[in-house]
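One file, query.csv, is given below (CSV, N, CA and C atoms and all ligand atoms).
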chain,number,residue,atom,x,y,z
M,226,MET,N,80.6,-52.2,70.5
M,226,MET,CA,80.9,-52.3,71.9
M,226,MET,C,82.1,-53.3,72.1
M,227,ALA,N,83.0,-52.9,72.9
M,227,ALA,CA,84.2,-53.7,73.1
M,227,ALA,C,84.1,-54.3,74.5
M,228,THR,N,84.9,-55.4,74.6
M,228,THR,CA,85.1,-55.9,76.0
M,228,THR,C,86.0,-54.9,76.8
M,229,VAL,N,85.8,-54.9,78.1
M,229,VAL,CA,86.5,-53.9,79.0
M,229,VAL,C,87.6,-54.7,79.6
M,230,PRO,N,88.9,-54.3,79.4
M,230,PRO,CA,90.0,-54.9,80.1
M,230,PRO,C,89.9,-54.8,81.6
M,231,ASP,N,90.1,-55.9,82.3
M,231,ASP,CA,90.0,-55.9,83.8
M,231,ASP,C,91.4,-55.4,84.3
M,232,SER,N,91.7,-54.2,84.2
M,232,SER,CA,92.9,-53.6,84.6
M,232,SER,C,92.7,-52.8,85.9
M,233,ALA,N,93.8,-52.6,86.7
M,233,ALA,CA,93.7,-51.7,87.9
M,233,ALA,C,93.3,-50.3,87.5
M,234,GLU,N,93.8,-49.8,86.4
M,234,GLU,CA,93.5,-48.4,85.9
M,234,GLU,C,92.0,-48.3,85.7
M,235,ASN,N,91.4,-49.3,85.0
M,235,ASN,CA,89.9,-49.2,84.8
M,235,ASN,C,89.1,-49.5,86.0
M,236,ALA,N,89.5,-50.4,86.9
M,236,ALA,CA,88.8,-50.7,88.1
M,236,ALA,C,88.6,-49.5,89.0
M,237,VAL,N,89.6,-48.6,89.1
M,237,VAL,CA,89.4,-47.5,90.0
M,237,VAL,C,88.5,-46.4,89.4
M,238,ARG,N,88.2,-46.5,88.2
M,238,ARG,CA,87.3,-45.5,87.5
M,238,ARG,C,85.8,-46.0,87.6
M,239,CYS,N,85.6,-47.2,88.0
M,239,CYS,CA,84.2,-47.7,88.1
M,239,CYS,C,83.4,-47.0,89.2
M,240,VAL,N,82.2,-46.6,88.9
M,240,VAL,CA,81.4,-45.8,89.8
M,240,VAL,C,80.3,-46.7,90.4
M,241,CYS,N,80.4,-48.0,90.2
M,241,CYS,CA,79.4,-48.9,90.8
M,241,CYS,C,79.2,-48.7,92.3
M,242,GLY,N,80.3,-48.4,93.0
M,242,GLY,CA,80.2,-48.2,94.4
M,242,GLY,C,79.3,-47.1,94.9
M,243,GLU,N,79.0,-46.2,94.0
M,243,GLU,CA,78.1,-45.1,94.4
M,243,GLU,C,76.7,-45.3,93.9
M,244,CYS,N,76.4,-46.5,93.3
M,244,CYS,CA,75.2,-46.7,92.7
M,244,CYS,C,74.1,-47.2,93.7
M,245,PRO,N,72.9,-46.7,93.6
M,245,PRO,CA,71.8,-47.2,94.5
M,245,PRO,C,71.4,-48.6,94.2
M,246,SER,N,71.7,-49.1,93.1
M,246,SER,CA,71.3,-50.5,92.7
M,246,SER,C,72.3,-51.5,93.0
M,247,LYS,N,73.5,-51.1,93.4
M,247,LYS,CA,74.6,-52.1,93.6
M,247,LYS,C,74.2,-53.1,94.7
M,248,PRO,N,74.3,-54.4,94.3
M,248,PRO,CA,74.1,-55.4,95.3
M,248,PRO,C,75.1,-55.3,96.4
M,249,ALA,N,74.6,-55.8,97.6
M,249,ALA,CA,75.5,-55.7,98.8
M,249,ALA,C,76.4,-56.9,98.7
M,250,GLU,N,77.5,-56.7,98.0
M,250,GLU,CA,78.6,-57.7,97.9
M,250,GLU,C,79.9,-57.0,97.6
M,251,LEU,N,81.0,-57.7,97.8
M,251,LEU,CA,82.3,-57.1,97.6
M,251,LEU,C,82.6,-56.9,96.1
M,252,LYS,N,82.0,-57.7,95.2
M,252,LYS,CA,82.3,-57.6,93.8
M,252,LYS,C,81.8,-56.2,93.3
M,253,SER,N,82.5,-55.7,92.3
M,253,SER,CA,82.2,-54.5,91.5
M,253,SER,C,82.7,-54.6,90.1
M,254,PHE,N,82.8,-53.5,89.4
M,254,PHE,CA,83.4,-53.4,88.1
M,254,PHE,C,82.8,-54.5,87.2
M,255,TYR,N,81.5,-54.6,87.2
M,255,TYR,CA,80.8,-55.7,86.6
M,255,TYR,C,80.9,-55.8,85.1
M,256,CYS,N,81.1,-54.6,84.4
M,256,CYS,CA,81.2,-54.7,82.9
M,256,CYS,C,82.4,-55.5,82.5
M,257,ALA,N,83.4,-55.6,83.3
M,257,ALA,CA,84.6,-56.4,83.0
M,257,ALA,C,84.6,-57.8,83.7
M,258,ARG,N,84.1,-57.8,85.0
M,258,ARG,CA,84.2,-59.0,85.8
M,258,ARG,C,82.9,-59.8,85.8
M,259,GLY,N,81.8,-59.4,85.2
M,259,GLY,CA,80.6,-60.1,85.2
M,259,GLY,C,79.7,-60.0,86.4
M,260,ALA,N,78.6,-60.5,86.3
M,260,ALA,CA,77.6,-60.4,87.4
M,260,ALA,C,78.0,-61.1,88.6
M,261,GLY,N,77.5,-60.6,89.7
M,261,GLY,CA,78.0,-61.2,91.0
M,261,GLY,C,77.1,-62.3,91.5
M,262,GLY,N,75.9,-62.4,91.0
M,262,GLY,CA,75.0,-63.5,91.4
M,262,GLY,C,74.0,-63.1,92.4
M,263,SER,N,74.1,-61.9,92.9
M,263,SER,CA,73.1,-61.4,93.9
M,263,SER,C,71.9,-60.7,93.2
M,264,ALA,N,70.8,-60.7,93.8
M,264,ALA,CA,69.6,-60.0,93.2
M,264,ALA,C,69.9,-58.5,93.1
M,265,VAL,N,69.4,-57.9,92.0
M,265,VAL,CA,69.6,-56.5,91.8
M,265,VAL,C,68.3,-55.8,91.9
M,266,GLN,N,68.2,-54.8,92.7
M,266,GLN,CA,67.1,-53.9,92.8
M,266,GLN,C,67.3,-52.8,91.8
M,267,HIS,N,66.3,-52.6,90.9
M,267,HIS,CA,66.5,-51.6,89.9
M,267,HIS,C,66.2,-50.2,90.4
M,268,ARG,N,67.2,-49.5,90.9
M,268,ARG,CA,67.0,-48.1,91.4
M,268,ARG,C,67.8,-47.1,90.5
M,269,GLY,N,68.1,-47.5,89.3
M,269,GLY,CA,68.9,-46.7,88.5
M,269,GLY,C,70.3,-47.3,88.3
M,270,CYS,N,70.9,-47.1,87.2
M,270,CYS,CA,72.3,-47.6,86.9
M,270,CYS,C,73.2,-46.4,86.5
M,271,LEU,N,74.3,-46.3,87.1
M,271,LEU,CA,75.2,-45.2,86.9
M,271,LEU,C,76.2,-45.4,85.7
M,272,CYS,N,76.1,-46.5,85.0
M,272,CYS,CA,77.1,-46.8,84.0
M,272,CYS,C,77.1,-45.8,82.9
M,273,GLY,N,75.9,-45.1,82.6
M,273,GLY,CA,75.9,-44.1,81.6
M,273,GLY,C,76.7,-42.9,82.0
M,274,GLU,N,77.0,-42.7,83.2
M,274,GLU,CA,77.8,-41.6,83.7
M,274,GLU,C,79.3,-41.9,83.9
M,275,CYS,N,79.6,-43.2,83.7
M,275,CYS,CA,80.9,-43.7,83.9
M,275,CYS,C,81.9,-43.4,82.8
M,276,PRO,N,83.1,-43.0,83.0
M,276,PRO,CA,84.0,-42.7,81.9
M,276,PRO,C,84.3,-43.9,81.0
M,277,LEU,N,84.2,-45.0,81.5
M,277,LEU,CA,84.5,-46.2,80.7
M,277,LEU,C,83.5,-46.5,79.7
M,278,THR,N,82.3,-46.0,79.9
M,278,THR,CA,81.2,-46.2,78.9
M,278,THR,C,81.6,-45.5,77.6
M,279,GLY,N,82.2,-44.3,77.7
M,279,GLY,CA,82.7,-43.6,76.5
M,279,GLY,C,84.0,-44.2,75.9
M,280,ASP,N,84.9,-44.6,76.8
M,280,ASP,CA,86.1,-45.1,76.4
M,280,ASP,C,86.0,-46.4,75.6
M,281,TYR,N,85.0,-47.2,76.0
M,281,TYR,CA,84.8,-48.5,75.3
M,281,TYR,C,83.5,-48.7,74.5
M,282,ASP,N,82.9,-47.5,74.2
M,282,ASP,CA,81.7,-47.5,73.4
M,282,ASP,C,80.6,-48.5,74.0
M,283,LEU,N,80.5,-48.5,75.3
M,283,LEU,CA,79.5,-49.4,75.9
M,283,LEU,C,78.1,-48.8,75.7
M,284,TRP,N,77.1,-49.6,75.6
M,284,TRP,CA,75.7,-49.1,75.4
M,284,TRP,C,74.8,-49.8,76.4
M,285,GLY,N,75.2,-50.7,77.2
M,285,GLY,CA,74.4,-51.4,78.1
M,285,GLY,C,74.3,-50.8,79.5
M,286,ASP,N,73.6,-51.5,80.3
M,286,ASP,CA,73.6,-51.1,81.7
M,286,ASP,C,73.3,-52.3,82.6
M,287,TYR,N,73.2,-52.1,83.9
M,287,TYR,CA,72.9,-53.3,84.8
M,287,TYR,C,73.8,-54.5,84.5
M,288,TYR,N,75.1,-54.2,84.3
M,288,TYR,CA,76.0,-55.4,84.1
M,288,TYR,C,76.1,-56.2,85.4
M,289,CYS,N,75.7,-55.7,86.5
M,289,CYS,CA,75.7,-56.5,87.7
M,289,CYS,C,74.7,-57.6,87.7
M,290,GLU,N,73.7,-57.4,86.7
M,290,GLU,CA,72.7,-58.4,86.6
M,290,GLU,C,72.9,-59.2,85.3
M,291,SER,N,73.2,-58.5,84.2
M,291,SER,CA,73.3,-59.2,82.9
M,291,SER,C,74.7,-59.8,82.6
M,292,GLY,N,75.7,-59.4,83.3
M,292,GLY,CA,77.0,-59.9,83.1
M,292,GLY,C,77.9,-58.9,82.3
M,293,ALA,N,79.1,-59.4,82.0
M,293,ALA,CA,80.1,-58.5,81.5
M,293,ALA,C,79.7,-58.0,80.1
M,294,ALA,N,80.2,-56.8,79.7
M,294,ALA,CA,80.0,-56.3,78.4
M,294,ALA,C,80.8,-57.2,77.4
M,295,SER,N,80.2,-57.3,76.2
M,295,SER,CA,81.0,-58.2,75.2
M,295,SER,C,80.7,-57.7,73.8
M,301,LIG,S1,80.4,-49.1,83.0
M,301,LIG,FE1,79.3,-49.6,84.9
M,301,LIG,S2,80.2,-51.6,85.5
M,301,LIG,FE2,81.6,-50.7,84.0
M,301,LIG,S3,83.1,-49.6,85.2
M,301,LIG,FE3,81.5,-48.1,84.7
M,301,LIG,S4,80.1,-48.1,86.4
M,301,LIG,FE4,81.4,-50.0,86.6
M,302,LIG,S1,76.4,-52.1,86.8
M,302,LIG,FE1,75.1,-50.3,86.9
M,302,LIG,S2,73.3,-50.9,88.2
M,302,LIG,FE2,75.0,-52.4,88.6
M,302,LIG,S3,76.1,-51.5,90.3
M,302,LIG,FE3,77.2,-50.8,88.5
M,302,LIG,S4,76.3,-48.8,88.0
M,302,LIG,FE4,74.9,-49.9,89.4

Take the structure in this file and express it as structure tokens.
Amino acid sequence: MATVPDSAENAVRCVCGECPSKPAELKSFYCARGAGGSAVQHRGCLCGECPLTGDYDLWGDYYCESGAAS
């Protein structure tokens, strides 16, 4: 698993905004930017369907809770 560069190209591909578990906060793109600090309701995580998961060999989920991929 690689770290995910916090680039504009990557940020626009993040699907956290469509996720039912996303905390109600402005922050997103958690695999690169880290957790937001808000409580996370586990209603499913869309990271497995995100193109960046394949691009960067990610295997985790709920980065909004656990923090950035590393
Ligand atoms: S892997 Fe998850 S946190 Fe990272 S860009 Fe995709 S949807 Fe967002
Ligand atoms: S990291 Fe996963 S659970 Fe959290 S908002 Fe993004 S897709 Fe949803």

Residues near segment 226-232 of chain M, cut-off 5 Å, all atoms listed in the file, skip fewer than 6 positions along chain, as a ChimeraX atom specification: /M:257,281-282,294-295

Within-6 Å residues of ligand LIG 302 (chain M), basis all atoms listed in the file, as a PyMOL selection string: chain M and resi 240-242+244-248+255-256+269-272+286-290

Best match for closeness to ligand LIG 301 (chain M) among M:Ala260, M:Cys239, M:Trp284, M:Glu250, counting all atoms listed in the file: M:Cys239

Counting only C-alpha atoms and all ligand atoms, the option among M:His267, M:Glu274, M:Leu251, M:Ser291 closest to ligand LIG 301 (chain M):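 Of the candidates, the smallest distance to ligand LIG 301 (chain M) is held by M:Glu274.
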
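Between atom C of Val237 of chain M and atom C of Asp280 of chain M lies a distance of 14.0 Å.
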
Residue list (helix (DSSP H, G or I), DSSP) for segment 239-289 of chain M, as a ChimeraX atom specification: /M:241-243,255-258,272-274,276-280,288-289

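In this comparison, which uses only N, CA and C atoms and all ligand atoms, the residue of M:Ala233, M:Cys275, M:Ser263, M:Arg268 approaching ligand LIG 301 (chain M) most closely is M:Cys275.
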